[in-house]
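The file protein29.pdb comes next; it holds PDB, C-alpha atoms, pLDDT in the B column.
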```pdb
ATOM      1  CA  VAL A   1     -18.399 -91.000  63.166  1.00 92.00           C
ATOM      2  CA  GLN A   2     -14.591 -91.193  63.164  1.00 96.00           C
ATOM      3  CA  LEU A   3     -12.329 -92.375  65.949  1.00 97.00           C
ATOM      4  CA  GLN A   4      -8.882 -91.010  66.807  1.00 96.00           C
ATOM      5  CA  ALA A   5      -6.700 -92.969  69.209  1.00 96.00           C
ATOM      6  CA  SER A   6      -3.813 -91.495  71.162  1.00 96.00           C
ATOM      7  CA  GLY A   7      -1.655 -92.118  74.187  1.00 96.00           C
ATOM      8  CA  GLY A   8       0.510 -95.075  73.233  1.00 95.00           C
ATOM      9  CA  GLY A   9       4.195 -95.248  73.967  1.00 97.00           C
ATOM     10  CA  THR A  10       6.979 -97.217  75.580  1.00 98.00           C
ATOM     11  CA  VAL A  11       7.029 -97.961  79.281  1.00 98.00           C
ATOM     12  CA  GLN A  12       8.860-100.310  81.603  1.00 98.00           C
ATOM     13  CA  ALA A  13       7.089-103.260  83.133  1.00 98.00           C
ATOM     14  CA  GLY A  14       4.992-102.144  86.076  1.00 98.00           C
ATOM     15  CA  GLY A  15       4.393 -98.738  84.579  1.00 98.00           C
ATOM     16  CA  SER A  16       1.206 -97.071  83.404  1.00 98.00           C
ATOM     17  CA  LEU A  17      -0.208 -95.567  80.235  1.00 98.00           C
ATOM     18  CA  ARG A  18      -3.520 -93.934  79.433  1.00 98.00           C
ATOM     19  CA  LEU A  19      -5.044 -94.338  75.991  1.00 98.00           C
ATOM     20  CA  SER A  20      -7.732 -92.012  74.724  1.00 98.00           C
ATOM     21  CA  CYS A  21     -10.147 -92.480  71.837  1.00 97.00           C
ATOM     22  CA  ALA A  22     -11.785 -89.286  70.612  1.00 97.00           C
ATOM     23  CA  LEU A  23     -15.098 -89.617  68.787  1.00 96.00           C
ATOM     24  CA  SER A  24     -15.742 -87.040  66.075  1.00 95.00           C
ATOM     25  CA  ARG A  25     -19.299 -86.616  67.321  1.00 92.00           C
ATOM     26  CA  SER A  26     -21.448 -87.811  70.164  1.00 89.00           C
ATOM     27  CA  VAL A  27     -23.091 -91.191  69.784  1.00 87.00           C
ATOM     28  CA  ASP A  28     -26.153 -91.931  71.854  1.00 80.00           C
ATOM     29  CA  SER A  29     -26.213 -95.698  71.602  1.00 87.00           C
ATOM     30  CA  TRP A  30     -24.102 -98.619  70.466  1.00 91.00           C
ATOM     31  CA  ASN A  31     -23.675-102.329  70.877  1.00 93.00           C
ATOM     32  CA  ALA A  32     -20.150-101.800  72.202  1.00 95.00           C
ATOM     33  CA  VAL A  33     -17.358 -99.258  72.225  1.00 96.00           C
ATOM     34  CA  GLY A  34     -13.876 -99.825  73.484  1.00 97.00           C
ATOM     35  CA  TRP A  35     -10.432-101.172  72.913  1.00 98.00           C
ATOM     36  CA  TRP A  36      -8.948-104.114  71.064  1.00 98.00           C
ATOM     37  CA  ARG A  37      -5.281-105.040  70.603  1.00 98.00           C
ATOM     38  CA  GLN A  38      -3.147-107.021  68.210  1.00 98.00           C
ATOM     39  CA  ALA A  39       0.330-108.318  68.946  1.00 96.00           C
ATOM     40  CA  PRO A  40       2.642-109.457  66.122  1.00 92.00           C
ATOM     41  CA  GLY A  41       1.607-112.824  64.745  1.00 94.00           C
ATOM     42  CA  THR A  42      -1.652-112.930  66.665  1.00 96.00           C
ATOM     43  CA  GLN A  43      -5.285-112.163  65.978  1.00 97.00           C
ATOM     44  CA  ARG A  44      -6.870-108.952  67.156  1.00 97.00           C
ATOM     45  CA  GLU A  45      -8.500-109.454  70.544  1.00 97.00           C
ATOM     46  CA  GLN A  46     -10.959-107.532  72.639  1.00 97.00           C
ATOM     47  CA  VAL A  47      -9.413-105.864  75.684  1.00 98.00           C
ATOM     48  CA  ALA A  48     -12.110-103.761  77.314  1.00 98.00           C
ATOM     49  CA  ILE A  49     -15.480-102.526  76.168  1.00 98.00           C
ATOM     50  CA  ILE A  50     -18.483-100.539  77.342  1.00 97.00           C
ATOM     51  CA  THR A  51     -21.681-102.194  76.240  1.00 96.00           C
ATOM     52  CA  GLY A  52     -24.858-100.478  75.119  1.00 94.00           C
ATOM     53  CA  ASP A  53     -26.344-100.977  78.567  1.00 94.00           C
ATOM     54  CA  ASP A  54     -23.242 -99.412  80.143  1.00 94.00           C
ATOM     55  CA  ARG A  55     -21.562-102.579  81.396  1.00 97.00           C
ATOM     56  CA  ARG A  56     -17.791-102.774  81.467  1.00 98.00           C
ATOM     57  CA  ILE A  57     -16.348-106.039  80.169  1.00 98.00           C
ATOM     58  CA  TYR A  58     -12.661-106.854  80.461  1.00 98.00           C
ATOM     59  CA  LYS A  59     -10.514-109.614  79.001  1.00 97.00           C
ATOM     60  CA  ASP A  60      -9.352-111.810  81.863  1.00 97.00           C
ATOM     61  CA  PRO A  61      -5.598-110.978  81.679  1.00 96.00           C
ATOM     62  CA  VAL A  62      -6.269-107.246  82.150  1.00 98.00           C
ATOM     63  CA  LYS A  63      -8.882-107.449  84.895  1.00 98.00           C
ATOM     64  CA  GLY A  64      -7.803-105.430  87.895  1.00 98.00           C
ATOM     65  CA  ARG A  65      -5.116-103.616  85.915  1.00 98.00           C
ATOM     66  CA  PHE A  66      -7.009-101.815  83.143  1.00 98.00           C
ATOM     67  CA  THR A  67      -9.975 -99.483  83.538  1.00 98.00           C
ATOM     68  CA  ILE A  68     -12.160 -98.272  80.701  1.00 98.00           C
ATOM     69  CA  SER A  69     -14.132 -95.082  81.096  1.00 97.00           C
ATOM     70  CA  ARG A  70     -16.256 -92.701  79.108  1.00 95.00           C
ATOM     71  CA  ASP A  71     -15.884 -88.924  79.301  1.00 93.00           C
ATOM     72  CA  ILE A  72     -19.164 -87.572  77.985  1.00 90.00           C
ATOM     73  CA  ALA A  73     -18.040 -83.946  78.082  1.00 92.00           C
ATOM     74  CA  LYS A  74     -14.910 -84.663  76.048  1.00 93.00           C
ATOM     75  CA  ASN A  75     -16.562 -87.366  73.927  1.00 94.00           C
ATOM     76  CA  THR A  76     -13.741 -89.812  74.587  1.00 96.00           C
ATOM     77  CA  ILE A  77     -13.365 -93.433  75.582  1.00 97.00           C
ATOM     78  CA  ASP A  78     -10.282 -93.817  77.761  1.00 98.00           C
ATOM     79  CA  LEU A  79      -8.285 -96.842  78.846  1.00 98.00           C
ATOM     80  CA  GLN A  80      -6.149 -96.506  81.959  1.00 98.00           C
ATOM     81  CA  MET A  81      -3.533 -99.253  81.952  1.00 98.00           C
ATOM     82  CA  ASN A  82      -1.637 -99.932  85.176  1.00 98.00           C
ATOM     83  CA  SER A  83       0.884-102.596  86.173  1.00 98.00           C
ATOM     84  CA  LEU A  84       1.761-103.121  82.549  1.00 98.00           C
ATOM     85  CA  LYS A  85       3.458-106.346  81.512  1.00 98.00           C
ATOM     86  CA  PRO A  86       5.588-107.180  78.469  1.00 97.00           C
ATOM     87  CA  GLU A  87       2.730-109.357  77.202  1.00 97.00           C
ATOM     88  CA  ASP A  88       0.577-106.217  76.966  1.00 98.00           C
ATOM     89  CA  THR A  89       2.785-105.070  74.087  1.00 98.00           C
ATOM     90  CA  ALA A  90       0.592-104.633  71.023  1.00 98.00           C
ATOM     91  CA  ILE A  91      -1.054-102.157  68.730  1.00 98.00           C
ATOM     92  CA  TYR A  92      -4.190-100.939  70.470  1.00 98.00           C
ATOM     93  CA  TYR A  93      -7.277-100.000  68.469  1.00 98.00           C
ATOM     94  CA  CYS A  94     -10.440 -98.280  69.564  1.00 98.00           C
ATOM     95  CA  ALA A  95     -13.671 -99.199  67.850  1.00 98.00           C
ATOM     96  CA  LEU A  96     -17.363 -98.482  67.879  1.00 97.00           C
ATOM     97  CA  LEU A  97     -19.780-101.291  67.115  1.00 96.00           C
ATOM     98  CA  PRO A  98     -23.053 -99.527  66.336  1.00 93.00           C
ATOM     99  CA  ARG A  99     -26.552-100.925  66.638  1.00 92.00           C
ATOM    100  CA  THR A 100     -26.933-100.506  62.885  1.00 90.00           C
ATOM    101  CA  GLY A 101     -24.385-100.089  60.141  1.00 90.00           C
ATOM    102  CA  SER A 102     -20.741-100.988  59.921  1.00 94.00           C
ATOM    103  CA  ASP A 103     -18.221-101.120  62.730  1.00 95.00           C
ATOM    104  CA  VAL A 104     -15.940 -98.095  62.947  1.00 97.00           C
ATOM    105  CA  TRP A 105     -12.262 -98.517  63.773  1.00 97.00           C
ATOM    106  CA  GLY A 106      -9.717 -95.920  64.714  1.00 96.00           C
ATOM    107  CA  GLN A 107      -6.082 -96.081  63.716  1.00 94.00           C
ATOM    108  CA  GLY A 108      -3.904 -98.079  66.063  1.00 94.00           C
ATOM    109  CA  THR A 109      -1.561 -96.781  68.693  1.00 97.00           C
ATOM    110  CA  GLN A 110       1.533 -98.740  69.673  1.00 98.00           C
ATOM    111  CA  VAL A 111       2.051 -99.796  73.270  1.00 98.00           C
ATOM    112  CA  THR A 112       5.431-101.299  74.098  1.00 98.00           C
ATOM    113  CA  VAL A 113       6.248-102.642  77.554  1.00 98.00           C
ATOM    114  CA  SER A 114       9.883-103.462  78.197  1.00 97.00           C
ATOM    115  CA  SER A 115      10.997-105.976  80.786  1.00 93.00           C
TER
END
```

Turn the structure described in the file into structure tokens.
Amino acid sequence: VQLQASGGGTVQAGGSLRLSCALSRSVDSWNAVGWWRQAPGTQREQVAIITGDDRRIYKDPVKGRFTISRDIAKNTIDLQMNSLKPEDTAIYYCALLPRTGSDVWGQGTQVTVSS
């Protein structure tokens, strides 16, 4: 499977963006699928994931502002980001952590939030 991320851009603080991760084929099960981000000079961190048992897990700073969802018909994993803050600025990556085999990462998409 391959992942293709889209939807990044530049927005003012308080604005919204929607990221989409298109999977090249349907995947029936996984350990986790979702979004990670990496700001300059920092380590990549998990932002929001959907677990294999369909739980949504969010990093504390984005709780209540970001929503991850799965569109089965379109085969996408989307991240709706509201009330964006400058500290949300980063390259956002989607990834699939399968039950077996290697993790699959999409290319990053830049999100820039200006103050």

List every protein, DNA or RNA residue with an atom no more than 9 Å from (-16.5, -85.1, 61.7) in the file's coordinates, counting all atoms listed in the file, and format the result as an mmCIF file with C-alpha atoms, in the coordinates of the input.
```cif
data_model
loop_
_atom_site.group_PDB
_atom_site.id
_atom_site.type_symbol
_atom_site.label_atom_id
_atom_site.label_comp_id
_atom_site.auth_asym_id
_atom_site.auth_seq_id
_atom_site.Cartn_x
_atom_site.Cartn_y
_atom_site.Cartn_z
ATOM 1 C CA VAL A 1 -18.399 -91.000 63.166
ATOM 2 C CA GLN A 2 -14.591 -91.193 63.164
ATOM 3 C CA LEU A 23 -15.098 -89.617 68.787
ATOM 4 C CA SER A 24 -15.742 -87.040 66.075
ATOM 5 C CA ARG A 25 -19.299 -86.616 67.321
#
```

>> Taking the file as I've supplied it (selection: the PyMOL selection byres ((chain A and resi 94) around 6)), which residues are included? Please answer as a PyMOL selection string.
In response: chain A and resi 34-35+93+95+106

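Evaluating the PyMOL selection byres ((chain A and resi 8) around 10) against the shown model yields Ala5, Ser6, Gly7, Gly9, Thr10, Val11, Leu17, Arg18, Leu19, Ser20, Ala90, Ile91, Tyr92, Gly108, Thr109, Gln110, Val111 and Thr112 of chain A.
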
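Residue neighbourhood of Arg55 of chain A, excluding near-sequence residues (fewer than 4 positions): Trp30, Asn31, Ala32, Val33, Gly34, Ala48, Ile49, Ile50, Thr51, Ile68, Ser69 and Arg70 of chain A, at 12 Å, using only C-alpha atoms.
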
Centre and edge lengths, as AutoDock Vina command-line options, for the axis-aligned box enclosing every listed atom of segment 29-37 of chain A with 8 Å of padding on each of the six sides, in Å to one decimal?
```
--center_x -15.7 --center_y -100.4 --center_z 72.0 --size_x 36.9 --size_y 25.3 --size_z 19.0
```

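Residues within 7 Å of Pro86 of chain A, counting all atoms listed in the file and excluding same-chain residues fewer than 3 positions away, are Ala13, Thr89, Val113, Ser114 and Ser115 of chain A.
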
>> Applying 12 Å and only C-alpha atoms, which residues near Val62 of chain A remain after dropping the ones on its own chain fewer than 3 positions away? List them as a ChimeraX atom specification.
In response: /A:35-37,46-49,57-59,65-68,79-85,87-88

> Which value, in Å to one decimal, gives the distance between atom CA of Asn75 of chain A and atom CA of Gln43 of chain A?
Replying inline: 28.4 Å

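The two atoms in question, atom CA of Ser16 of chain A and atom CA of Pro40 of chain A, are spaced 21.3 Å apart.
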
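Shortest separation to Asp28 of chain A among A:Ile77, A:Asp60, A:Asp103, A:Gly52 occurs at residue A:Gly52, atoms counted being only C-alpha atoms.
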
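Proximity of A:Asp71, A:Gly64, A:Gln38, A:Ser29 to Thr100 of chain A, computed with only C-alpha atoms, is greatest for A:Ser29.
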
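Distance-wise, atom CA of Ile72 of chain A and atom CA of Arg44 of chain A end up 26.9 Å apart.
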
>> Please determine, counting only C-alpha atoms, which residue among A:Ala22, A:Pro98, A:Leu3, A:Gly15 has the shortest atom-to-atom distance to Asp78 of chain A.
In response: A:Ala22

Fill-in result for segment 17-53 of chain A, N, CA and C atoms as a compact mmCIF listing (two decimals), in the frame of the given file:
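Listing of out_23.txt after writing:
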```
# COMPACT_ATOMS: atom_id res chain seq x y z
N LEU A 17 0.09 -96.40 81.39
CA LEU A 17 -0.21 -95.57 80.24
C LEU A 17 -1.71 -95.33 80.20
N ARG A 18 -2.09 -94.23 79.61
CA ARG A 18 -3.52 -93.93 79.43
C ARG A 18 -3.78 -93.69 77.96
N LEU A 19 -4.64 -94.50 77.38
CA LEU A 19 -5.04 -94.34 75.99
C LEU A 19 -6.36 -93.56 75.94
N SER A 20 -6.50 -92.77 74.89
CA SER A 20 -7.73 -92.01 74.72
C SER A 20 -8.23 -92.17 73.29
N CYS A 21 -9.52 -92.35 73.14
CA CYS A 21 -10.15 -92.48 71.84
C CYS A 21 -11.17 -91.36 71.70
N ALA A 22 -10.89 -90.42 70.82
CA ALA A 22 -11.78 -89.29 70.61
C ALA A 22 -12.77 -89.60 69.49
N LEU A 23 -14.05 -89.44 69.78
CA LEU A 23 -15.10 -89.62 68.79
C LEU A 23 -15.38 -88.27 68.12
N SER A 24 -15.55 -88.29 66.80
CA SER A 24 -15.74 -87.04 66.08
C SER A 24 -17.09 -86.39 66.39
N ARG A 25 -18.02 -87.16 66.90
CA ARG A 25 -19.30 -86.62 67.32
C ARG A 25 -19.87 -87.52 68.41
N SER A 26 -20.83 -87.00 69.11
CA SER A 26 -21.45 -87.81 70.16
C SER A 26 -22.29 -88.92 69.54
N VAL A 27 -22.30 -90.04 70.21
CA VAL A 27 -23.09 -91.19 69.78
C VAL A 27 -23.95 -91.60 70.96
N ASP A 28 -25.24 -91.68 70.74
CA ASP A 28 -26.15 -91.93 71.85
C ASP A 28 -26.25 -93.40 72.23
N SER A 29 -26.06 -94.28 71.28
CA SER A 29 -26.21 -95.70 71.60
C SER A 29 -25.29 -96.52 70.72
N TRP A 30 -24.96 -97.69 71.21
CA TRP A 30 -24.10 -98.62 70.47
C TRP A 30 -24.26 -100.02 71.03
N ASN A 31 -23.76 -100.99 70.31
CA ASN A 31 -23.68 -102.33 70.88
C ASN A 31 -22.47 -102.42 71.81
N ALA A 32 -21.35 -101.82 71.37
CA ALA A 32 -20.15 -101.80 72.20
C ALA A 32 -19.20 -100.73 71.69
N VAL A 33 -18.43 -100.17 72.60
CA VAL A 33 -17.36 -99.26 72.22
C VAL A 33 -16.19 -99.57 73.15
N GLY A 34 -14.99 -99.51 72.61
CA GLY A 34 -13.88 -99.82 73.48
C GLY A 34 -12.58 -100.08 72.75
N TRP A 35 -11.80 -100.97 73.35
CA TRP A 35 -10.43 -101.17 72.91
C TRP A 35 -10.15 -102.64 72.59
N TRP A 36 -9.45 -102.82 71.49
CA TRP A 36 -8.95 -104.11 71.06
C TRP A 36 -7.42 -103.98 70.90
N ARG A 37 -6.73 -105.09 70.83
CA ARG A 37 -5.28 -105.04 70.60
C ARG A 37 -4.84 -106.20 69.72
N GLN A 38 -3.70 -105.99 69.07
CA GLN A 38 -3.15 -107.02 68.21
C GLN A 38 -1.63 -107.02 68.35
N ALA A 39 -1.11 -108.13 68.84
CA ALA A 39 0.33 -108.32 68.95
C ALA A 39 0.82 -108.99 67.66
N PRO A 40 2.11 -108.85 67.35
CA PRO A 40 2.64 -109.46 66.12
C PRO A 40 2.36 -110.96 66.07
N GLY A 41 1.86 -111.41 64.93
CA GLY A 41 1.61 -112.82 64.74
C GLY A 41 0.38 -113.36 65.44
N THR A 42 -0.44 -112.47 65.98
CA THR A 42 -1.65 -112.93 66.67
C THR A 42 -2.87 -112.26 66.06
N GLN A 43 -4.04 -112.79 66.42
CA GLN A 43 -5.28 -112.16 65.98
C GLN A 43 -5.65 -111.00 66.90
N ARG A 44 -6.39 -110.07 66.35
CA ARG A 44 -6.87 -108.95 67.16
C ARG A 44 -7.81 -109.49 68.23
N GLU A 45 -7.67 -108.99 69.44
CA GLU A 45 -8.50 -109.45 70.54
C GLU A 45 -9.11 -108.27 71.29
N GLN A 46 -10.26 -108.54 71.84
CA GLN A 46 -10.96 -107.53 72.64
C GLN A 46 -10.25 -107.38 73.97
N VAL A 47 -10.06 -106.14 74.40
CA VAL A 47 -9.41 -105.86 75.68
C VAL A 47 -10.43 -105.38 76.72
N ALA A 48 -11.15 -104.34 76.38
CA ALA A 48 -12.11 -103.76 77.31
C ALA A 48 -13.15 -103.01 76.52
N ILE A 49 -14.41 -103.21 76.87
CA ILE A 49 -15.48 -102.53 76.17
C ILE A 49 -16.52 -101.98 77.14
N ILE A 50 -17.28 -101.02 76.65
CA ILE A 50 -18.48 -100.54 77.34
C ILE A 50 -19.65 -100.96 76.45
N THR A 51 -20.56 -101.71 77.03
CA THR A 51 -21.68 -102.19 76.24
C THR A 51 -22.77 -101.13 76.13
N GLY A 52 -23.76 -101.41 75.30
CA GLY A 52 -24.86 -100.48 75.12
C GLY A 52 -25.66 -100.22 76.38
N ASP A 53 -25.65 -101.18 77.29
CA ASP A 53 -26.34 -100.98 78.57
C ASP A 53 -25.36 -100.59 79.67
```
